[in-house]
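Content type TSV, C-alpha atoms, from the file upload_23.tsv:
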```tsv
chain	number	residue	atom	x	y	z
H	1	MET	CA	-2.15	-36.53	-64.68
H	2	GLY	CA	1.17	-37.09	-66.41
H	3	THR	CA	1.39	-33.43	-67.24
H	4	VAL	CA	0.93	-32.48	-63.62
H	5	ILE	CA	3.68	-34.90	-62.55
H	6	ASP	CA	6.00	-33.51	-65.21
H	7	SER	CA	5.30	-29.96	-64.05
H	8	HIS	CA	6.01	-30.86	-60.43
H	9	PHE	CA	9.18	-32.66	-61.50
H	10	LEU	CA	10.37	-29.66	-63.52
H	11	ALA	CA	9.62	-27.36	-60.63
H	12	LEU	CA	11.50	-29.62	-58.22
H	13	THR	CA	14.52	-29.93	-60.50
H	14	ALA	CA	14.51	-26.16	-60.99
H	15	ILE	CA	14.54	-25.61	-57.24
H	16	ILE	CA	17.34	-28.14	-56.75
H	17	THR	CA	19.36	-26.60	-59.60
H	18	VAL	CA	18.95	-23.08	-58.22
H	19	SER	CA	19.86	-24.33	-54.74
H	20	ILE	CA	23.01	-26.01	-56.06
H	21	LEU	CA	23.99	-22.92	-58.04
H	22	ASN	CA	23.31	-20.75	-55.02
H	23	SER	CA	25.39	-23.05	-52.82
H	24	GLN	CA	28.21	-22.94	-55.33
H	25	PHE	CA	27.93	-19.16	-55.55
H	26	GLN	CA	28.01	-18.89	-51.75
H	27	PHE	CA	31.00	-21.23	-51.65
H	28	HIS	CA	32.80	-19.09	-54.21
H	29	LEU	CA	32.01	-15.96	-52.21
H	30	TYR	CA	33.27	-17.65	-49.05
H	31	PHE	CA	36.41	-18.75	-50.87
H	32	ILE	CA	37.00	-15.22	-52.17
H	33	TYR	CA	36.43	-13.80	-48.68
H	34	LEU	CA	38.83	-16.35	-47.17
H	35	LEU	CA	41.42	-15.53	-49.84
H	36	ILE	CA	41.19	-11.79	-49.16
H	37	TYR	CA	41.35	-12.49	-45.42
H	38	LEU	CA	44.50	-14.58	-45.80
H	39	ILE	CA	46.04	-12.00	-48.14
H	40	ASN	CA	45.50	-9.30	-45.51
H	41	ILE	CA	47.06	-11.43	-42.79
H	42	ASN	CA	49.95	-12.31	-45.10
H	43	ILE	CA	50.49	-8.65	-45.97
H	44	ASN	CA	50.53	-7.82	-42.28
H	45	ILE	CA	53.18	-10.43	-41.49
H	46	ASN	CA	55.43	-10.06	-44.54
H	47	LEU	CA	55.28	-6.30	-44.86
H	48	GLN	CA	55.96	-5.42	-41.29
H	49	PHE	CA	58.91	-7.83	-41.03
H	50	ALA	CA	60.35	-6.52	-44.32
H	51	TYR	CA	59.87	-2.92	-43.19
H	52	GLN	CA	61.56	-3.57	-39.84
H	53	LEU	CA	64.37	-5.45	-41.58
H	54	LEU	CA	65.07	-2.43	-43.78
H	55	PHE	CA	65.46	-0.11	-40.81
H	56	PHE	CA	67.44	-2.74	-38.88
H	57	ILE	CA	69.97	-2.78	-41.73
H	58	ILE	CA	70.18	1.01	-41.69
H	59	THR	CA	70.70	1.03	-37.93
H	60	ALA	CA	73.26	-1.79	-37.95
H	61	LEU	CA	75.38	-0.47	-40.82
H	62	LEU	CA	75.25	3.25	-40.10
H	63	LYS	CA	74.98	3.09	-36.28
H	64	PHE	CA	72.03	5.42	-36.77
H	65	ASP	CA	69.20	4.82	-34.31
H	66	LYS	CA	67.19	8.01	-34.68
H	67	VAL	CA	64.70	6.26	-36.97
H	68	THR	CA	63.83	3.42	-34.59
H	69	ASP	CA	60.57	4.74	-33.16
H	70	PHE	CA	59.70	6.33	-36.50
H	71	ALA	CA	59.97	2.91	-38.15
H	72	GLY	CA	57.74	1.30	-35.55
H	73	SER	CA	55.00	3.93	-35.66
H	74	THR	CA	54.88	4.29	-39.43
H	75	ASN	CA	54.75	0.50	-39.80
H	76	PHE	CA	51.29	0.62	-38.21
H	77	VAL	CA	50.21	3.20	-40.78
H	78	ILE	CA	51.47	1.22	-43.77
H	79	ILE	CA	49.81	-2.01	-42.63
H	80	ALA	CA	46.48	-0.29	-41.93
H	81	VAL	CA	46.43	1.49	-45.29
H	82	LEU	CA	47.49	-1.49	-47.40
H	83	THR	CA	45.10	-3.97	-45.77
H	84	PHE	CA	42.40	-1.35	-46.32
H	85	VAL	CA	43.22	-0.69	-49.98
H	86	ILE	CA	43.87	-4.28	-51.08
H	87	LYS	CA	40.23	-5.30	-50.51
H	88	GLY	CA	38.85	-2.91	-53.12
H	89	SER	CA	35.56	-2.20	-51.33
H	90	TRP	CA	35.07	-0.76	-47.88
H	91	HIS	CA	32.47	-0.16	-45.23
H	92	PHE	CA	32.22	2.53	-42.59
H	93	ARG	CA	33.98	0.63	-39.77
H	94	GLN	CA	36.98	-0.06	-41.96
H	95	ILE	CA	37.28	3.61	-42.91
H	96	ILE	CA	37.00	4.82	-39.31
H	97	LEU	CA	39.41	2.33	-37.73
H	98	THR	CA	41.97	2.69	-40.51
H	99	LEU	CA	41.81	6.47	-40.11
H	100	PHE	CA	42.29	6.09	-36.34
H	101	VAL	CA	45.47	4.05	-36.82
H	102	VAL	CA	46.82	6.46	-39.45
H	103	LEU	CA	46.24	9.51	-37.25
H	104	TRP	CA	47.80	7.85	-34.22
H	105	GLY	CA	50.78	6.45	-36.12
H	106	LEU	CA	51.66	9.65	-37.97
H	107	ARG	CA	51.37	11.84	-34.87
H	108	LEU	CA	53.52	9.53	-32.78
H	109	ALA	CA	56.06	8.89	-35.54
H	110	PHE	CA	56.82	12.54	-36.25
H	111	PHE	CA	56.70	13.51	-32.58
H	112	LEU	CA	59.27	10.85	-31.67
H	113	LEU	CA	61.43	11.64	-34.71
H	114	LEU	CA	61.58	15.36	-33.93
H	115	ARG	CA	62.22	14.62	-30.26
H	116	ILE	CA	65.16	12.29	-30.88
H	117	ILE	CA	66.65	14.76	-33.40
H	118	GLN	CA	66.58	17.40	-30.66
H	119	TRP	CA	67.87	15.12	-27.88
H	120	GLY	CA	70.54	13.27	-29.86
H	121	GLU	CA	71.21	9.55	-29.46
H	122	ASP	CA	68.70	7.06	-28.12
H	123	ARG	CA	70.14	5.77	-24.84
H	124	ARG	CA	68.27	2.47	-25.19
H	125	PHE	CA	70.85	1.52	-27.82
H	126	ASP	CA	73.99	2.37	-25.85
H	127	GLN	CA	74.67	-1.34	-25.25
H	128	MET	CA	73.32	-2.52	-28.61
H	129	ARG	CA	75.07	-0.44	-31.27
H	130	ASN	CA	78.09	-2.73	-31.32
H	131	ASN	CA	76.20	-5.93	-30.54
H	132	LEU	CA	74.44	-7.18	-33.66
H	133	GLY	CA	72.66	-9.98	-31.80
H	134	LYS	CA	71.03	-7.70	-29.23
H	135	LEU	CA	70.14	-5.20	-31.94
H	136	ALA	CA	68.50	-7.92	-34.04
H	137	ILE	CA	66.46	-9.16	-31.07
H	138	PHE	CA	65.20	-5.64	-30.46
H	139	TRP	CA	64.05	-5.20	-34.07
H	140	ILE	CA	62.44	-8.65	-34.18
H	141	PHE	CA	60.54	-7.81	-31.01
H	142	GLN	CA	59.43	-4.50	-32.52
H	143	ALA	CA	58.14	-6.40	-35.58
H	144	VAL	CA	56.16	-8.74	-33.31
H	145	TRP	CA	54.78	-5.71	-31.46
H	146	VAL	CA	53.53	-4.13	-34.69
H	147	TRP	CA	52.03	-7.41	-35.94
H	148	ALA	CA	50.22	-8.24	-32.69
H	149	VAL	CA	48.83	-4.79	-31.92
H	150	SER	CA	47.65	-4.33	-35.54
H	151	LEU	CA	45.54	-7.53	-35.47
H	152	PRO	CA	42.14	-5.88	-34.76
H	153	VAL	CA	42.33	-3.43	-37.67
H	154	THR	CA	43.84	-6.10	-39.95
H	155	VAL	CA	40.89	-8.44	-39.36
H	156	VAL	CA	38.35	-5.62	-39.69
H	157	ASN	CA	39.83	-4.62	-43.04
H	158	ALA	CA	39.66	-8.23	-44.26
H	159	THR	CA	35.99	-8.89	-43.55
H	160	ASP	CA	32.80	-8.33	-45.57
H	161	ARG	CA	30.60	-8.38	-42.48
H	162	ASN	CA	29.08	-4.99	-41.81
H	163	PRO	CA	26.36	-5.08	-39.12
H	164	PHE	CA	24.43	-1.96	-38.20
H	165	LEU	CA	26.08	0.63	-35.97
H	166	GLN	CA	26.07	-0.55	-32.36
H	167	SER	CA	26.72	1.00	-28.97
H	168	VAL	CA	30.12	-0.72	-28.73
H	169	ASP	CA	31.18	1.12	-31.89
H	170	LEU	CA	30.54	4.45	-30.22
H	171	ILE	CA	32.17	3.31	-26.98
H	172	GLY	CA	35.28	2.18	-28.86
H	173	TRP	CA	35.47	5.41	-30.84
H	174	LEU	CA	35.12	7.45	-27.64
H	175	MET	CA	37.86	5.42	-25.94
H	176	TRP	CA	40.14	6.02	-28.90
H	177	ALA	CA	39.43	9.77	-28.97
H	178	VAL	CA	40.05	10.21	-25.23
H	179	GLY	CA	43.20	8.09	-25.35
H	180	PHE	CA	44.52	9.91	-28.41
H	181	MET	CA	44.04	13.32	-26.76
H	182	ILE	CA	45.60	12.19	-23.48
H	183	GLU	CA	48.65	10.67	-25.15
H	184	GLY	CA	49.22	13.66	-27.43
H	185	THR	CA	48.72	16.19	-24.65
H	186	ALA	CA	51.01	14.31	-22.25
H	187	ASP	CA	53.78	14.00	-24.85
H	188	GLN	CA	53.67	17.72	-25.60
H	189	GLN	CA	53.53	18.71	-21.93
H	190	LYS	CA	56.62	16.67	-21.10
H	191	LEU	CA	58.48	18.01	-24.14
H	192	ASN	CA	57.68	21.60	-23.13
H	193	PHE	CA	58.72	20.84	-19.54
H	194	LYS	CA	62.11	19.49	-20.60
H	195	ARG	CA	62.72	22.36	-23.00
H	196	SER	CA	62.61	24.86	-20.14
H	197	PRO	CA	66.12	25.53	-18.73
H	198	GLU	CA	64.73	25.95	-15.21
H	199	ASN	CA	63.46	22.36	-15.28
H	200	ARG	CA	66.81	20.82	-16.16
H	201	GLY	CA	67.48	17.82	-13.93
H	202	LYS	CA	63.89	17.63	-12.65
H	203	TRP	CA	61.13	15.06	-13.11
H	204	CYS	CA	58.01	16.14	-14.99
H	205	ASN	CA	55.00	16.80	-12.76
H	206	ALA	CA	53.19	19.35	-14.91
H	207	GLY	CA	49.76	19.08	-16.50
H	208	LEU	CA	48.53	15.49	-16.78
H	209	TRP	CA	51.73	14.32	-15.12
H	210	LYS	CA	50.34	15.63	-11.83
H	211	TYR	CA	47.69	12.90	-11.88
H	212	THR	CA	49.62	9.94	-13.28
H	213	ARG	CA	53.32	9.18	-13.62
H	214	HIS	CA	52.75	7.84	-17.16
H	215	PRO	CA	49.78	9.59	-18.81
H	216	ASN	CA	51.13	8.93	-22.31
H	217	TYR	CA	51.06	5.17	-21.72
H	218	PHE	CA	47.59	5.38	-20.24
H	219	GLY	CA	46.41	7.16	-23.40
H	220	GLU	CA	48.09	4.64	-25.70
H	221	ILE	CA	46.62	1.64	-23.89
H	222	LEU	CA	43.16	3.24	-23.84
H	223	LEU	CA	43.08	4.07	-27.55
H	224	TRP	CA	44.16	0.58	-28.65
H	225	TRP	CA	41.57	-1.04	-26.40
H	226	GLY	CA	39.13	1.37	-28.03
H	227	ILE	CA	40.06	0.06	-31.49
H	228	PHE	CA	39.51	-3.49	-30.26
H	229	VAL	CA	36.13	-2.64	-28.73
H	230	ALA	CA	35.05	-0.95	-31.98
H	231	SER	CA	36.08	-4.05	-33.94
H	232	THR	CA	33.96	-6.49	-31.89
H	233	PRO	CA	30.70	-6.17	-33.89
H	234	ILE	CA	32.32	-7.91	-36.86
H	235	LEU	CA	34.34	-10.53	-34.97
H	236	ASP	CA	33.33	-14.17	-35.32
H	237	ARG	CA	34.69	-17.30	-33.66
H	238	ALA	CA	38.50	-17.45	-33.87
H	239	GLU	CA	38.65	-13.79	-34.90
H	240	TRP	CA	38.12	-12.90	-31.24
H	241	LEU	CA	41.74	-13.89	-30.77
H	242	VAL	CA	42.63	-10.39	-31.99
H	243	ILE	CA	42.22	-9.41	-28.35
H	244	ILE	CA	45.84	-10.55	-28.21
H	245	GLY	CA	46.69	-7.11	-29.65
H	246	PRO	CA	45.63	-4.81	-26.79
H	247	ILE	CA	46.58	-7.43	-24.18
H	248	PHE	CA	50.09	-7.66	-25.64
H	249	LEU	CA	50.45	-3.87	-25.66
H	250	THR	CA	49.19	-3.56	-22.07
H	251	LEU	CA	51.54	-6.25	-20.75
H	252	LEU	CA	54.43	-4.78	-22.73
H	253	LEU	CA	54.02	-1.32	-21.23
H	254	LEU	CA	53.22	-2.55	-17.71
H	255	PHE	CA	55.95	-5.16	-17.33
H	256	ILE	CA	58.66	-4.97	-20.00
H	257	SER	CA	59.69	-1.95	-22.06
H	258	GLY	CA	57.44	0.80	-20.76
H	259	ILE	CA	56.81	1.71	-17.15
H	260	PRO	CA	59.46	-0.53	-15.48
H	261	LEU	CA	62.35	1.02	-17.44
H	262	LEU	CA	61.22	4.60	-16.83
H	263	GLU	CA	60.53	3.98	-13.14
H	264	GLU	CA	63.97	2.44	-12.70
H	265	SER	CA	65.62	5.38	-14.43
H	266	ALA	CA	63.69	7.98	-12.42
H	267	ASP	CA	64.32	6.22	-9.10
H	268	LYS	CA	68.07	6.13	-9.76
H	269	LYS	CA	68.12	9.83	-10.64
H	270	PHE	CA	65.72	11.23	-8.06
H	271	GLY	CA	65.22	8.50	-5.45
H	272	ASN	CA	67.02	10.58	-2.79
H	273	VAL	CA	65.10	13.76	-3.61
H	274	ASP	CA	62.42	14.43	-1.02
H	275	GLY	CA	60.02	16.06	-3.50
H	276	TYR	CA	60.24	13.14	-5.92
H	277	ARG	CA	59.58	10.64	-3.14
H	278	VAL	CA	56.42	12.50	-2.22
H	279	TYR	CA	55.42	12.69	-5.89
H	280	LYS	CA	55.85	8.95	-6.41
H	281	GLN	CA	53.97	8.03	-3.25
H	282	ARG	CA	51.03	10.33	-4.04
H	283	THR	CA	50.77	9.88	-7.84
H	284	SER	CA	49.16	6.96	-9.63
H	285	PRO	CA	51.49	5.02	-11.96
H	286	LEU	CA	48.97	4.78	-14.81
H	287	ILE	CA	45.29	5.66	-14.22
H	288	PRO	CA	44.86	9.42	-13.64
H	289	LEU	CA	43.71	10.24	-10.11
H	290	PRO	CA	43.96	13.33	-7.87
H	291	PRO	CA	47.09	13.01	-5.68
H	292	ALA	CA	45.05	13.75	-2.56
H	293	VAL	CA	42.91	10.70	-3.31
H	294	TYR	CA	45.62	8.33	-4.47
H	295	GLY	CA	47.94	9.13	-1.56
H	296	LYS	CA	45.34	8.01	0.99
H	297	LEU	CA	44.53	4.68	-0.62
H	298	PRO	CA	45.84	1.50	1.05
H	299	THR	CA	48.82	-0.21	-0.54
H	300	TRP	CA	46.92	-3.41	-1.34
H	301	PHE	CA	44.25	-1.43	-3.21
H	302	LYS	CA	46.89	0.37	-5.28
H	303	SER	CA	48.55	-2.91	-6.21
H	304	VAL	CA	45.36	-4.81	-7.09
H	305	PHE	CA	43.36	-2.13	-8.88
H	306	LEU	CA	45.74	0.67	-9.87
H	307	PHE	CA	48.82	-1.23	-11.13
H	308	GLU	CA	51.20	-0.04	-8.41
H	309	PHE	CA	53.37	-3.15	-8.61
H	310	PRO	CA	56.47	-3.75	-6.43
H	311	LEU	CA	58.35	-4.04	-9.72
H	312	TYR	CA	58.17	-0.24	-10.03
H	313	SER	CA	60.05	0.34	-6.76
H	314	ARG	CA	62.95	-2.07	-7.05
H	315	ASN	CA	65.40	0.84	-7.17
H	316	PHE	CA	63.47	3.15	-4.85
H	317	PRO	CA	65.70	3.75	-1.78
H	318	PRO	CA	64.08	2.85	1.56
H	319	GLU	CA	63.24	5.83	3.74
H	320	GLU	CA	65.81	4.97	6.41
H	321	GLN	CA	68.69	4.63	3.92
H	322	ILE	CA	68.45	7.78	1.83
H	323	TRP	CA	70.50	10.93	1.72
H	324	TYR	CA	68.12	13.83	2.13
H	325	ARG	CA	68.02	16.15	-0.85
H	326	THR	CA	65.72	19.00	-1.71
H	327	SER	CA	63.74	19.16	-4.93
H	328	SER	CA	66.61	21.10	-6.48
H	329	GLY	CA	68.85	18.07	-5.98
H	330	LYS	CA	71.18	19.54	-3.27
H	331	SER	CA	72.32	17.01	-0.70
H	332	GLY	CA	71.97	17.50	3.02
H	333	ASP	CA	74.77	16.97	5.54
H	334	ALA	CA	73.81	13.51	6.75
H	335	MET	CA	71.95	10.38	5.99
H	336	LYS	CA	68.28	10.65	6.91
H	337	ILE	CA	67.33	8.16	9.64
H	338	GLY	CA	63.65	7.22	9.90
```
Would you mind writing the file's structure down as structure tokens?
Amino acid sequence: MGTVIDSHFLALTAIITVSILNSQFQFHLYFIYLLIYLININININLQFAYQLLFFIITALLKFDKVTDFAGSTNFVIIAVLTFVIKGSWHFRQIILTLFVVLWGLRLAFFLLLRIIQWGEDRRFDQMRNNLGKLAIFWIFQAVWVWAVSLPVTVVNATDRNPFLQSVDLIGWLMWAVGFMIEGTADQQKLNFKRSPENRGKWCNAGLWKYTRHPNYFGEILLWWGIFVASTPILDRAEWLVIIGPIFLTLLLLFISGIPLLEESADKKFGNVDGYRVYKQRTSPLIPLPPAVYGKLPTWFKSVFLFEFPLYSRNFPPEEQIWYRTSSGKSGDAMKIG
């Protein structure tokens, strides 16, 4: 009987010992995972601020602002690659999403660099070049932009979770692919339009620009939401806060540095041109739609569902107060009275 008790006791102690060792092993794995996770987040924060600081110094000292957009776009690439490499082992989602960010960042960086080299100075900095405070605020904001928008891929690259392929993965990848093609196509179409001497002094309404006044921004917003959607299978608890990334980008382009600035500039240049007024009234600000459809929609529907905010028409001259001009920009003889 004693032997049986001893055997049961040994078996029990063996089970307890293995359980403790297993718990310790799991704790160590969790600790290692947490450490890698924190390292990735730390790399994201420190690297992107250091990278932006470097280009801020170049801009401030040399009054050279041609590298501004290049610095922002390539910062995404560096963060994605380093947070990917530092982990040492990778799964399929990490490879795909890192590749997506690299492709997007490199295309945009070199496109914007070549464009500003051709066009000359960046007019956004006309009031900042000699104001160090304003210049610093701009670069700090750009660093925050890079950090926030990169959050989904940063968290994906930090995790060991790798669930089976899901439908949201495919949906996210498709959103990214469509957005990437739209943004790239729109950028090239506008560049080609402006290169043509016969289009000098005109607004771009060619290609995708017939269906939305800002197709490049639509593509950019769509592809980053796609990256977020594709990251959701691995997100857990507080990690869902990475939704801050695409939300921040969307709000930035809709209300701060994207559409409002371009709408204000275009309205000041072409607000008295009859053809531009028709274009603006019949063309969606963001989501591509046929002009014949968009032009017939009620104003409240455009504002609620299609982002046609009053903010975009602050500098749009009222119909009864404009000087009539043709699409070529020639003024008529009198003020047009509605």
Which residue, H:Glu239, H:Glu308, H:Asp274, H:Glu183, has the smallest gap to Glu220 (chain H) when you use only C-alpha atoms?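 Closest residue, counting only C-alpha atoms: H:Glu183.
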Have a look at H:Ile116, H:Leu223, H:Val144, H:Val67 and name the one nearest to Val178 (chain H); count only C-alpha atoms.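 Checking each of H:Ile116, H:Leu223, H:Val144, H:Val67 against Val178 (chain H), counting only C-alpha atoms, the winner is H:Leu223.
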Counting all atoms listed in the file, select every polymer residue within 12 Å of (48.0, 7.3, -2.8) as defined in the file's coordinates, and provide the selection as JSON, numbers by chain. {"H": [211, 212, 278, 279, 280, 281, 282, 283, 284, 285, 287, 288, 289, 290, 291, 292, 293, 294, 295, 296, 297, 298, 299, 300, 301, 302, 303, 306, 307, 308]}
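Interatomic distance, CA of Leu135 (chain H) against CA of Ala71 (chain H): 14.4 Å.
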Determine, counting only C-alpha atoms, which protein, DNA and RNA residues have an atom within 8 Å of an atom of region 91-106 of chain H; residues of the same chain fewer than 3 positions away are not included. Present the result as a PyMOL selection string. chain H and resi 73-74+76-77+80-81+84+109-110+153+156-157+162+176+180+227+230-231
Generate the output file for the selected residues, C-alpha atoms, as an mmCIF file, in the frame of the given file.
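That gives us out.cif:
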```cif
data_model
loop_
_atom_site.group_PDB
_atom_site.id
_atom_site.type_symbol
_atom_site.label_atom_id
_atom_site.label_comp_id
_atom_site.auth_asym_id
_atom_site.auth_seq_id
_atom_site.Cartn_x
_atom_site.Cartn_y
_atom_site.Cartn_z
ATOM 1 C CA SER H 73 55.000 3.930 -35.660
ATOM 2 C CA THR H 74 54.880 4.290 -39.430
ATOM 3 C CA PHE H 76 51.290 0.620 -38.210
ATOM 4 C CA VAL H 77 50.210 3.200 -40.780
ATOM 5 C CA ALA H 80 46.480 -0.290 -41.930
ATOM 6 C CA VAL H 81 46.430 1.490 -45.290
ATOM 7 C CA PHE H 84 42.400 -1.350 -46.320
ATOM 8 C CA ALA H 109 56.060 8.890 -35.540
ATOM 9 C CA PHE H 110 56.820 12.540 -36.250
ATOM 10 C CA VAL H 153 42.330 -3.430 -37.670
ATOM 11 C CA VAL H 156 38.350 -5.620 -39.690
ATOM 12 C CA ASN H 157 39.830 -4.620 -43.040
ATOM 13 C CA ASN H 162 29.080 -4.990 -41.810
ATOM 14 C CA TRP H 176 40.140 6.020 -28.900
ATOM 15 C CA PHE H 180 44.520 9.910 -28.410
ATOM 16 C CA ILE H 227 40.060 0.060 -31.490
ATOM 17 C CA ALA H 230 35.050 -0.950 -31.980
ATOM 18 C CA SER H 231 36.080 -4.050 -33.940
#
```
Since the input has fewer atoms than a full residue there, write region 88-107 of chain H out with N, CA, C and O atoms, as a CSV table (one decimal), in the coordinates of the input.
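Saved as selection_26.csv:
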```
chain,number,residue,atom,x,y,z
H,88,GLY,N,39.5,-3.5,-52.0
H,88,GLY,CA,38.8,-2.9,-53.1
H,88,GLY,C,37.5,-2.3,-52.8
H,88,GLY,O,37.0,-1.6,-53.6
H,89,SER,N,36.9,-2.8,-51.7
H,89,SER,CA,35.6,-2.2,-51.3
H,89,SER,C,35.6,-2.1,-49.8
H,89,SER,O,36.1,-2.9,-49.1
H,90,TRP,N,34.9,-1.1,-49.3
H,90,TRP,CA,35.1,-0.8,-47.9
H,90,TRP,C,33.7,-0.4,-47.3
H,90,TRP,O,32.8,0.1,-47.9
H,91,HIS,N,33.6,-0.6,-46.0
H,91,HIS,CA,32.5,-0.2,-45.2
H,91,HIS,C,32.9,0.8,-44.2
H,91,HIS,O,34.1,1.0,-43.9
H,92,PHE,N,32.0,1.4,-43.5
H,92,PHE,CA,32.2,2.5,-42.6
H,92,PHE,C,33.2,2.2,-41.5
H,92,PHE,O,34.1,3.0,-41.2
H,93,ARG,N,33.1,1.0,-40.9
H,93,ARG,CA,34.0,0.6,-39.8
H,93,ARG,C,35.4,0.6,-40.2
H,93,ARG,O,36.3,1.0,-39.5
H,94,GLN,N,35.6,0.0,-41.4
H,94,GLN,CA,37.0,-0.1,-42.0
H,94,GLN,C,37.6,1.3,-42.2
H,94,GLN,O,38.8,1.5,-41.9
H,95,ILE,N,36.8,2.2,-42.7
H,95,ILE,CA,37.3,3.6,-42.9
H,95,ILE,C,37.6,4.3,-41.6
H,95,ILE,O,38.7,4.9,-41.5
H,96,ILE,N,36.8,4.2,-40.6
H,96,ILE,CA,37.0,4.8,-39.3
H,96,ILE,C,38.2,4.3,-38.6
H,96,ILE,O,39.1,5.0,-38.2
H,97,LEU,N,38.3,2.9,-38.5
H,97,LEU,CA,39.4,2.3,-37.7
H,97,LEU,C,40.7,2.5,-38.4
H,97,LEU,O,41.8,2.7,-37.8
H,98,THR,N,40.7,2.4,-39.8
H,98,THR,CA,42.0,2.7,-40.5
H,98,THR,C,42.4,4.1,-40.3
H,98,THR,O,43.6,4.4,-40.1
H,99,LEU,N,41.5,5.1,-40.3
H,99,LEU,CA,41.8,6.5,-40.1
H,99,LEU,C,42.4,6.7,-38.7
H,99,LEU,O,43.3,7.4,-38.5
H,100,PHE,N,41.8,6.0,-37.7
H,100,PHE,CA,42.3,6.1,-36.3
H,100,PHE,C,43.8,5.7,-36.3
H,100,PHE,O,44.6,6.4,-35.6
H,101,VAL,N,44.1,4.5,-36.9
H,101,VAL,CA,45.5,4.0,-36.8
H,101,VAL,C,46.4,5.0,-37.6
H,101,VAL,O,47.5,5.3,-37.1
H,102,VAL,N,46.0,5.5,-38.7
H,102,VAL,CA,46.8,6.5,-39.4
H,102,VAL,C,47.1,7.7,-38.6
H,102,VAL,O,48.2,8.2,-38.6
H,103,LEU,N,46.1,8.3,-38.1
H,103,LEU,CA,46.2,9.5,-37.2
H,103,LEU,C,47.2,9.3,-36.1
H,103,LEU,O,48.1,10.1,-35.8
H,104,TRP,N,47.0,8.2,-35.4
H,104,TRP,CA,47.8,7.8,-34.2
H,104,TRP,C,49.2,7.6,-34.7
H,104,TRP,O,50.2,8.2,-34.1
H,105,GLY,N,49.4,6.8,-35.7
H,105,GLY,CA,50.8,6.4,-36.1
H,105,GLY,C,51.6,7.6,-36.6
H,105,GLY,O,52.8,7.8,-36.3
H,106,LEU,N,51.0,8.5,-37.4
H,106,LEU,CA,51.7,9.6,-38.0
H,106,LEU,C,52.0,10.6,-36.9
H,106,LEU,O,53.1,11.2,-36.8
H,107,ARG,N,51.1,10.9,-36.0
H,107,ARG,CA,51.4,11.8,-34.9
H,107,ARG,C,52.5,11.3,-34.0
H,107,ARG,O,53.5,12.1,-33.8
```
